[in-house]
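Comments concern the structure below.
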Amino acid sequence: MRIVLLGAPGAGKGTQAKKLVEKYGIPQVSTGDLLRAAVAAGTTLGKEAKAVMDKGELVPDSIVLGMMEERMKQDDMKKGYILDGFPRNTKQAEALDAMLAKLNMPLTAALSVDVPFEDLMKRLTGRRTCKSCGQMYNVYFSPSKAEGTCDKCGAALFQRDDDKEETIKKRLEVYSASTAPLIDYYKGKGILKSVSGTGGIDSIFGEVCAQLGLK
Ligand code: AMP
């Protein structure tokens with residue numbers, strides 16, 4: 001199973017990817033997570049990336065493609081993977097196709113998680129993450145029991161720098177302009193599947209598995 005997950009920021013791609021990881025034991029590769037790790041490590045690349053990410057824009061293709069090429073070479077990728085947040089534009093999609101053609105391992109599917117535009121703003125501005133265990137909450141839809149504290153481990157919750165309102169508007173604009181065209185790109189290749197990302201996490205996951213032909 002070699003899958004690309006498509007969808008606007010806040011559509012719930014990461015949540016569905018984690019459920020696929022739990023159930024099928026294949027890695028989730030999120031370029032956003034890889035970039036945030038570089039930011040946290042304070043590397044030169046991380047510093048360059050943070051300035052762009054805080055504005056809600058896309059990190060240069062050269063950086064992201066270099067990171068993905070390295071990640072693709074790792075052994076755990078042989079059993080399949082879920083790409084979450086990559087590709088983000090047509091240039092990245094073409095570069096991914098070229099990388100996979102060399103390995104003779106084409107994508108199995110591109111799955112689009114669709115959520116009405118109006119819902120995305122609340123999902124993103126309300127998002128909070130645990131500093132320690134990574135558990136996600138939403139102040140509107142799934143708040144923690146005590147405000148600002150993780151139910152699971154008691155650590156403090158934080159809001160991602162790029163989940164602030166101005167940045168979110170920009171991220172949604174960038175999505176419409178650069179990433180949404182990938183839906184047609186993969187439709188043209190005959191591998192596009194789509195699910196509605198509205199409703200309970202488990203019922204969406206049921207639909208994800210059905211669309212991907214998984215049991
Ligand atoms: P995400 O966690 O996927 O929403 O990504 C957070 C931010 O990281 C994005 O707003 C971009 O600035 C950057 N980013 C993540 N993936 C990519 C990518 N494939 N290409 C360019 N920038 C990316």
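Identifiers for the structure tokens are assigned positionally: chains receive A, B, ... in sequence, residues are indexed from 1 per chain, and ligands are indexed from 1 in the order shown.
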
If you take only C-alpha atoms and all ligand atoms and a cut-off of 7 Å, which residues of chain A touch ligand 1, and what are their nearest atom pairs and distances in Å to one decimal, in chain and number order, as CSV?
```
residue,atom,partner,partner_atom_place_in_ligand_line,distance
A:Pro9,CA,ligand 1,4 (O),5.4
A:Ser30,CA,ligand 1,3 (O),6.5
A:Thr31,CA,ligand 1,16 (N),4.3
A:Gly32,CA,ligand 1,2 (O),3.7
A:Asp33,CA,ligand 1,2 (O),6.1
A:Leu35,CA,ligand 1,8 (O),6.3
A:Val52,CA,ligand 1,12 (O),5.8
A:Met53,CA,ligand 1,12 (O),3.6
A:Gly56,CA,ligand 1,10 (O),4.8
A:Glu57,CA,ligand 1,12 (O),4.8
A:Leu58,CA,ligand 1,22 (N),3.8
A:Val59,CA,ligand 1,22 (N),3.9
A:Pro60,CA,ligand 1,21 (C),6.0
A:Asp61,CA,ligand 1,20 (N),6.1
A:Val64,CA,ligand 1,20 (N),5.6
A:Asp84,CA,ligand 1,3 (O),6.7
A:Gly85,CA,ligand 1,3 (O),4.3
A:Phe86,CA,ligand 1,19 (N),4.0
A:Pro87,CA,ligand 1,19 (N),4.9
A:Arg88,CA,ligand 1,19 (N),4.7
A:Asp162,CA,ligand 1,10 (O),7.0
A:Arg171,CA,ligand 1,10 (O),5.8
```

Neighbouring residues of range 105-122 of chain A were defined as those with any atom within 6 Å, considering only C-alpha atoms; residues of the same chain fewer than 5 positions away were excluded. Please report them as a PDB file with N, CA, C and O atoms, in the first residue's frame.
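Contents of part38.pdb, freshly written:
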```pdb
ATOM      1  N   MET A   1       0.849  -1.184   0.000  1.00  0.00           N
ATOM      2  CA  MET A   1       0.000   0.000   0.000  1.00  0.00           C
ATOM      3  C   MET A   1       0.892   1.244   0.000  1.00  0.00           C
ATOM      4  O   MET A   1       1.654   1.470   0.929  1.00  0.00           O
ATOM      5  N   ARG A   2       0.840   1.987  -1.081  1.00  0.00           N
ATOM      6  CA  ARG A   2       1.622   3.236  -1.166  1.00  0.00           C
ATOM      7  C   ARG A   2       0.641   4.355  -1.497  1.00  0.00           C
ATOM      8  O   ARG A   2       0.147   4.434  -2.620  1.00  0.00           O
ATOM      9  N   ILE A   3       0.365   5.158  -0.462  1.00  0.00           N
ATOM     10  CA  ILE A   3      -0.753   6.096  -0.571  1.00  0.00           C
ATOM     11  C   ILE A   3      -0.319   7.533  -0.352  1.00  0.00           C
ATOM     12  O   ILE A   3       0.511   7.822   0.518  1.00  0.00           O
ATOM     13  N   VAL A   4      -0.940   8.417  -1.127  1.00  0.00           N
ATOM     14  CA  VAL A   4      -0.822   9.853  -0.871  1.00  0.00           C
ATOM     15  C   VAL A   4      -2.146  10.304  -0.263  1.00  0.00           C
ATOM     16  O   VAL A   4      -3.210   9.987  -0.801  1.00  0.00           O
ATOM     17  N   LEU A   5      -2.080  11.040   0.864  1.00  0.00           N
ATOM     18  CA  LEU A   5      -3.311  11.602   1.424  1.00  0.00           C
ATOM     19  C   LEU A   5      -3.407  13.064   1.016  1.00  0.00           C
ATOM     20  O   LEU A   5      -2.470  13.838   1.255  1.00  0.00           O
ATOM     21  N   LEU A   6      -4.516  13.423   0.399  1.00  0.00           N
ATOM     22  CA  LEU A   6      -4.734  14.803  -0.021  1.00  0.00           C
ATOM     23  C   LEU A   6      -5.845  15.406   0.826  1.00  0.00           C
ATOM     24  O   LEU A   6      -6.721  14.693   1.299  1.00  0.00           O
ATOM     25  N   GLY A   7      -5.813  16.720   0.956  1.00  0.00           N
ATOM     26  CA  GLY A   7      -6.880  17.384   1.709  1.00  0.00           C
ATOM     27  C   GLY A   7      -6.356  18.691   2.250  1.00  0.00           C
ATOM     28  O   GLY A   7      -5.147  18.854   2.456  1.00  0.00           O
ATOM     29  N   GLY A  10      -6.335  20.828   8.135  1.00  0.00           N
ATOM     30  CA  GLY A  10      -7.494  20.709   9.021  1.00  0.00           C
ATOM     31  C   GLY A  10      -8.525  19.692   8.556  1.00  0.00           C
ATOM     32  O   GLY A  10      -9.527  19.466   9.234  1.00  0.00           O
ATOM     33  N   ALA A  11      -8.282  19.033   7.425  1.00  0.00           N
ATOM     34  CA  ALA A  11      -9.268  18.058   6.922  1.00  0.00           C
ATOM     35  C   ALA A  11      -9.221  16.750   7.715  1.00  0.00           C
ATOM     36  O   ALA A  11     -10.130  15.931   7.609  1.00  0.00           O
ATOM     37  N   LEU A 100       9.545   7.369  -7.726  1.00  0.00           N
ATOM     38  CA  LEU A 100       8.928   6.045  -7.573  1.00  0.00           C
ATOM     39  C   LEU A 100       9.097   5.205  -8.837  1.00  0.00           C
ATOM     40  O   LEU A 100       9.192   3.981  -8.769  1.00  0.00           O
ATOM     41  N   ILE A 191      -5.993   7.103 -10.234  1.00  0.00           N
ATOM     42  CA  ILE A 191      -5.806   6.492  -8.901  1.00  0.00           C
ATOM     43  C   ILE A 191      -6.467   7.310  -7.785  1.00  0.00           C
ATOM     44  O   ILE A 191      -6.221   7.069  -6.613  1.00  0.00           O
ATOM     45  N   LEU A 192      -7.314   8.278  -8.168  1.00  0.00           N
ATOM     46  CA  LEU A 192      -7.927   9.126  -7.143  1.00  0.00           C
ATOM     47  C   LEU A 192      -9.117   8.436  -6.463  1.00  0.00           C
ATOM     48  O   LEU A 192      -9.979   7.870  -7.125  1.00  0.00           O
ATOM     49  N   LYS A 193      -9.134   8.491  -5.126  1.00  0.00           N
ATOM     50  CA  LYS A 193     -10.294   8.058  -4.325  1.00  0.00           C
ATOM     51  C   LYS A 193     -10.647   9.233  -3.430  1.00  0.00           C
ATOM     52  O   LYS A 193      -9.769  10.040  -3.119  1.00  0.00           O
ATOM     53  N   SER A 194     -11.907   9.304  -2.998  1.00  0.00           N
ATOM     54  CA  SER A 194     -12.200  10.390  -2.062  1.00  0.00           C
ATOM     55  C   SER A 194     -13.202   9.962  -1.006  1.00  0.00           C
ATOM     56  O   SER A 194     -14.020   9.056  -1.223  1.00  0.00           O
ATOM     57  N   VAL A 195     -13.073  10.597   0.165  1.00  0.00           N
ATOM     58  CA  VAL A 195     -14.015  10.352   1.265  1.00  0.00           C
ATOM     59  C   VAL A 195     -14.429  11.698   1.835  1.00  0.00           C
ATOM     60  O   VAL A 195     -13.684  12.678   1.747  1.00  0.00           O
ATOM     61  N   SER A 196     -15.611  11.710   2.464  1.00  0.00           N
ATOM     62  CA  SER A 196     -16.014  12.914   3.181  1.00  0.00           C
ATOM     63  C   SER A 196     -15.305  12.901   4.536  1.00  0.00           C
ATOM     64  O   SER A 196     -15.311  11.889   5.239  1.00  0.00           O
ATOM     65  N   GLY A 197     -14.692  14.033   4.891  1.00  0.00           N
ATOM     66  CA  GLY A 197     -13.976  14.127   6.166  1.00  0.00           C
ATOM     67  C   GLY A 197     -14.838  14.713   7.268  1.00  0.00           C
ATOM     68  O   GLY A 197     -14.335  15.135   8.293  1.00  0.00           O
TER      69      GLY A 197
END
```

Would you mind writing down, as a PDB file with C-alpha atoms, in the first residue's frame, each residue of chain A that DSSP on the backbone assigns to strand (DSSP E or B)?
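Saved as states34.pdb:
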```pdb
ATOM      1  CA  ARG A   2       1.622   3.236  -1.166  1.00  0.00           C
ATOM      2  CA  ILE A   3      -0.753   6.096  -0.571  1.00  0.00           C
ATOM      3  CA  VAL A   4      -0.822   9.853  -0.871  1.00  0.00           C
ATOM      4  CA  LEU A   5      -3.311  11.602   1.424  1.00  0.00           C
ATOM      5  CA  LEU A   6      -4.734  14.803  -0.021  1.00  0.00           C
ATOM      6  CA  GLN A  28       3.261   7.668   7.943  1.00  0.00           C
ATOM      7  CA  VAL A  29       5.579  10.198   6.375  1.00  0.00           C
ATOM      8  CA  SER A  30       4.530  13.761   7.085  1.00  0.00           C
ATOM      9  CA  TYR A  81       3.734   4.031   3.372  1.00  0.00           C
ATOM     10  CA  ILE A  82       1.262   6.849   3.770  1.00  0.00           C
ATOM     11  CA  LEU A  83       2.401  10.248   2.559  1.00  0.00           C
ATOM     12  CA  ASP A  84       0.719  13.009   4.557  1.00  0.00           C
ATOM     13  CA  ALA A 109      -3.835   5.415  -4.548  1.00  0.00           C
ATOM     14  CA  ALA A 110      -4.273   9.101  -3.811  1.00  0.00           C
ATOM     15  CA  LEU A 111      -7.023   9.587  -1.252  1.00  0.00           C
ATOM     16  CA  SER A 112      -8.663  12.960  -0.888  1.00  0.00           C
ATOM     17  CA  VAL A 113     -10.290  13.810   2.470  1.00  0.00           C
ATOM     18  CA  ASP A 114     -12.946  16.416   1.700  1.00  0.00           C
ATOM     19  CA  ARG A 127      -6.483  22.807  17.447  1.00  0.00           C
ATOM     20  CA  ARG A 128      -4.264  22.190  20.505  1.00  0.00           C
ATOM     21  CA  THR A 129      -1.494  19.606  20.851  1.00  0.00           C
ATOM     22  CA  CYS A 130       0.134  18.072  23.928  1.00  0.00           C
ATOM     23  CA  MET A 136      -4.487  16.388  19.755  1.00  0.00           C
ATOM     24  CA  TYR A 137      -7.547  18.274  21.052  1.00  0.00           C
ATOM     25  CA  ASN A 138      -9.904  20.912  19.680  1.00  0.00           C
ATOM     26  CA  SER A 142     -13.019  17.757  21.477  1.00  0.00           C
ATOM     27  CA  THR A 149      -3.800  20.325  30.116  1.00  0.00           C
ATOM     28  CA  ALA A 156       0.635  21.476  28.873  1.00  0.00           C
ATOM     29  CA  LEU A 157      -1.167  21.908  25.551  1.00  0.00           C
ATOM     30  CA  PHE A 158       0.070  24.341  22.917  1.00  0.00           C
ATOM     31  CA  LEU A 192      -7.927   9.126  -7.143  1.00  0.00           C
ATOM     32  CA  LYS A 193     -10.294   8.058  -4.325  1.00  0.00           C
ATOM     33  CA  SER A 194     -12.200  10.390  -2.062  1.00  0.00           C
ATOM     34  CA  VAL A 195     -14.015  10.352   1.265  1.00  0.00           C
ATOM     35  CA  SER A 196     -16.014  12.914   3.181  1.00  0.00           C
TER      36      SER A 196
END
```

In Å, rounded to a single decimal, give me how far CA of Leu20 in chain A is from CA of Ala40 in chain A.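 Result for CA of Ala40 in chain A versus CA of Leu20 in chain A: 26.1 Å, one decimal.
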
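Distance check against Thr198 in chain A using only C-alpha atoms: of A:Lys13, A:Lys47, A:Lys169, A:Lys102, the minimum falls on A:Lys13.
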